[in-house]
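Before any comments, here is the structure.
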Amino acid sequence: MDILVFIGRILFVILFFTSAFGHLGQTEKMVEYTKSKGVPAPRPMTLGSGFLLLIAGLSILFGVWADLGALLLFFFLVATAVLMHPFWKEKTTGGRELEMINFQKDLALAGASLMLFALFAYAGSDLGLMISRPAVSLG
């Protein structure tokens with residue numbers, strides 16, 4: 001089971017690493033997009049969320065307080081769904097559908113992150129291939 005959970009962790013964090021590198025490597029484009037969504041302080045939010053994604057992804061990948069990494073992703077994804085993909089504000093059908101898909105994707109990933117948090121906090125080092133014990137114990 002250890003190797004299956006580890007492979008799942010690798011596959012799960014690829015998306016967040018890609019997004020982190022976008023936030024940190026293409027900051028100007030991301031700041032403009034964030035600004036267009038009406039998010040306050042777009043530059044600090046873009047850079048901060050890029051670092052958050054990187055740290056949370058590394059935490060889950062290497063199993064260093066992976067429960068907290070998963071919890072960080074949960075909060076990030078819920079906020080991103082609401083702030084960056086408000087489908088209810090879109091005027092066109094196509095725009096509304098695209099934002100709804102992204103909103104639902106973020107909520108689904110938030111749900112997966114919450115389940116990972118519970119898994120790490122409950123099973124902890126029994127999962128194997130983890131560097132540290134979880135910061136929270138639900139077991």
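Here, A, B, ... name the chains of the structure tokens in the order displayed, residue numbers run from 1 inside each chain, and ligands are numbered from 1 in the same displayed order.
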
Find the spatial neighbours of A:Asp67, counting only C-alpha atoms, within a cut-off of 8 Å - ignore same-chain residues fewer than 5 positions away - and output them as a ChimeraX atom specification.
/A:60,116-121,134-136

Residue neighbourhood A:Thr27, 10 Å, only C-alpha atoms, exclusion window fewer than 3 positions, as a PDB file with C-alpha atoms, in the first residue's frame:
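Dumped to around_8.pdb:
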ATOM      1  CA  PHE A  21       5.691  27.589 -11.425  1.00  0.00           C
ATOM      2  CA  GLY A  22       3.115  29.575 -13.412  1.00  0.00           C
ATOM      3  CA  HIS A  23       2.510  31.912 -10.476  1.00  0.00           C
ATOM      4  CA  LEU A  24       6.223  32.384  -9.820  1.00  0.00           C
ATOM      5  CA  MET A  30      -0.892  35.888 -13.453  1.00  0.00           C
ATOM      6  CA  VAL A  31      -1.095  39.290 -11.722  1.00  0.00           C
ATOM      7  CA  GLU A  32      -3.076  40.692 -14.665  1.00  0.00           C
ATOM      8  CA  TYR A  33      -5.460  37.720 -14.580  1.00  0.00           C
ATOM      9  CA  ARG A  43       0.772  40.850  -6.863  1.00  0.00           C
ATOM     10  CA  THR A  46      -0.149  35.794  -6.849  1.00  0.00           C
ATOM     11  CA  LEU A  47       3.293  35.422  -5.297  1.00  0.00           C
ATOM     12  CA  GLY A  50       2.603  30.455  -5.770  1.00  0.00           C
TER      13      GLY A  50
END

Which of A:Ala70, A:Gly95, A:Val13, A:Gly139 sits closest to A:Ser125 [using only C-alpha atoms]
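Closest to A:Ser125, using only C-alpha atoms: A:Gly139.
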
Check the smallest atom-to-atom distance from each of A:Lys35, A:Gly63, A:Phe16, A:Ala81 to A:Leu127 using only C-alpha atoms, then report the winner.
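Of A:Lys35, A:Gly63, A:Phe16, A:Ala81, the one nearest A:Leu127, counting only C-alpha atoms, is A:Gly63.
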
Do a neighbour search on A:Phe12 at 12 Å with only C-alpha atoms, toss out local chain neighbours closer than 3 positions, and write the hits as JSON, numbers by chain.
{"A": [5, 6, 7, 8, 9, 15, 16, 17, 18, 56, 57, 58, 59, 60, 61, 70, 73, 109, 110, 112, 113, 116]}

Please report, as a PyMOL selection string, each residue of chain A to which DSSP assigns helix (DSSP H, G or I) when run on this structure's backbone.
chain A and resi 2-25+27-36+42-62+66-84+87-89+93-127

How would the residues just chosen look if you wrote them out with C-alpha atoms as a short mmCIF file (atom, residue, chain, number, x, y, z; two decimals), in the first residue's frame?
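Everything below was put into selection-v6.cif:
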data_model
loop_
_atom_site.label_atom_id
_atom_site.label_comp_id
_atom_site.auth_asym_id
_atom_site.auth_seq_id
_atom_site.Cartn_x
_atom_site.Cartn_y
_atom_site.Cartn_z
CA ASP A 2 2.91 2.36 0.73
CA ILE A 3 3.94 2.57 -2.89
CA LEU A 4 0.37 3.13 -4.11
CA VAL A 5 -0.13 6.06 -1.73
CA PHE A 6 3.27 7.46 -2.74
CA ILE A 7 2.44 7.22 -6.47
CA GLY A 8 -0.92 8.88 -5.74
CA ARG A 9 0.87 11.69 -3.90
CA ILE A 10 3.19 12.22 -6.88
CA LEU A 11 0.30 12.34 -9.34
CA PHE A 12 -1.74 14.62 -7.08
CA VAL A 13 0.94 17.30 -6.65
CA ILE A 14 1.95 17.60 -10.31
CA LEU A 15 -0.94 20.01 -10.94
CA PHE A 16 0.02 22.18 -7.98
CA PHE A 17 3.70 22.33 -8.96
CA THR A 18 2.73 23.35 -12.50
CA SER A 19 0.48 26.05 -11.09
CA ALA A 20 3.16 27.23 -8.62
CA PHE A 21 5.69 27.59 -11.42
CA GLY A 22 3.12 29.58 -13.41
CA HIS A 23 2.51 31.91 -10.48
CA LEU A 24 6.22 32.38 -9.82
CA GLY A 25 7.58 32.17 -13.37
CA THR A 27 4.03 36.49 -12.45
CA GLU A 28 3.03 39.45 -14.63
CA LYS A 29 0.50 37.41 -16.62
CA MET A 30 -0.89 35.89 -13.45
CA VAL A 31 -1.09 39.29 -11.72
CA GLU A 32 -3.08 40.69 -14.66
CA TYR A 33 -5.46 37.72 -14.58
CA THR A 34 -5.86 38.05 -10.81
CA LYS A 35 -6.48 41.78 -11.18
CA SER A 36 -9.14 41.12 -13.84
CA PRO A 42 -3.06 40.91 -6.92
CA ARG A 43 0.77 40.85 -6.86
CA PRO A 44 1.16 39.70 -3.23
CA MET A 45 -1.72 37.25 -3.70
CA THR A 46 -0.15 35.79 -6.85
CA LEU A 47 3.29 35.42 -5.30
CA GLY A 48 1.92 34.21 -1.97
CA SER A 49 -0.30 31.62 -3.59
CA GLY A 50 2.60 30.45 -5.77
CA PHE A 51 4.75 29.83 -2.69
CA LEU A 52 1.81 28.23 -0.87
CA LEU A 53 1.29 25.80 -3.76
CA LEU A 54 4.99 24.96 -3.86
CA ILE A 55 5.30 24.41 -0.10
CA ALA A 56 2.06 22.41 0.18
CA GLY A 57 3.02 20.28 -2.83
CA LEU A 58 6.49 19.54 -1.42
CA SER A 59 4.95 18.73 1.95
CA ILE A 60 2.63 16.14 0.42
CA LEU A 61 5.23 14.75 -1.98
CA PHE A 62 7.92 14.16 0.63
CA ALA A 66 1.69 16.12 4.69
CA ASP A 67 -1.53 16.62 6.64
CA LEU A 68 -0.84 20.35 6.92
CA GLY A 69 0.13 20.51 3.24
CA ALA A 70 -3.20 18.95 2.31
CA LEU A 71 -5.04 21.36 4.62
CA LEU A 72 -3.27 24.35 3.03
CA LEU A 73 -4.39 23.13 -0.39
CA PHE A 74 -7.95 22.72 0.86
CA PHE A 75 -8.18 26.36 1.98
CA PHE A 76 -6.39 27.61 -1.15
CA LEU A 77 -8.74 25.69 -3.46
CA VAL A 78 -11.93 26.86 -1.74
CA ALA A 79 -10.73 30.47 -1.89
CA THR A 80 -9.66 30.08 -5.52
CA ALA A 81 -13.03 28.62 -6.49
CA VAL A 82 -14.89 31.58 -4.99
CA LEU A 83 -12.52 34.42 -5.90
CA MET A 84 -11.19 33.33 -9.29
CA PHE A 87 -19.49 31.70 -12.57
CA TRP A 88 -22.54 33.50 -11.19
CA LYS A 89 -21.05 36.84 -12.30
CA THR A 93 -23.27 31.33 -21.47
CA GLY A 94 -19.80 30.20 -22.61
CA GLY A 95 -18.05 32.23 -19.93
CA ARG A 96 -20.44 30.97 -17.26
CA GLU A 97 -19.93 27.34 -18.32
CA LEU A 98 -16.12 27.67 -18.34
CA GLU A 99 -16.04 29.31 -14.92
CA MET A 100 -18.49 26.73 -13.54
CA ILE A 101 -16.23 23.90 -14.72
CA ASN A 102 -13.21 25.52 -13.07
CA PHE A 103 -15.22 26.25 -9.92
CA GLN A 104 -16.33 22.62 -9.69
CA LYS A 105 -12.79 21.37 -10.43
CA ASP A 106 -11.44 23.44 -7.57
CA LEU A 107 -14.15 22.18 -5.21
CA ALA A 108 -13.47 18.57 -6.23
CA LEU A 109 -9.74 19.05 -5.59
CA ALA A 110 -10.58 20.74 -2.27
CA GLY A 111 -12.58 17.64 -1.34
CA ALA A 112 -9.67 15.39 -2.31
CA SER A 113 -7.32 17.58 -0.26
CA LEU A 114 -9.62 17.32 2.76
CA MET A 115 -9.71 13.53 2.39
CA LEU A 116 -5.90 13.48 2.14
CA PHE A 117 -5.70 15.58 5.31
CA ALA A 118 -7.90 13.06 7.12
CA LEU A 119 -5.94 10.10 5.71
CA PHE A 120 -2.58 11.55 6.75
CA ALA A 121 -3.87 12.65 10.16
CA TYR A 122 -5.50 9.29 10.84
CA ALA A 123 -3.04 6.79 9.35
CA GLY A 124 0.05 8.99 9.68
CA SER A 125 3.34 7.18 9.48
CA ASP A 126 1.54 3.85 8.96
CA LEU A 127 1.25 4.90 5.32
#

At what distance in Å, to one decimal, does atom CA of A:Pro40 lie from atom CA of A:Pro86?
15.0 Å

Which one of A:Lys91, A:Leu129, A:Ser137, A:His85 sits closest to A:Val39 if you count only C-alpha atoms?
A:His85
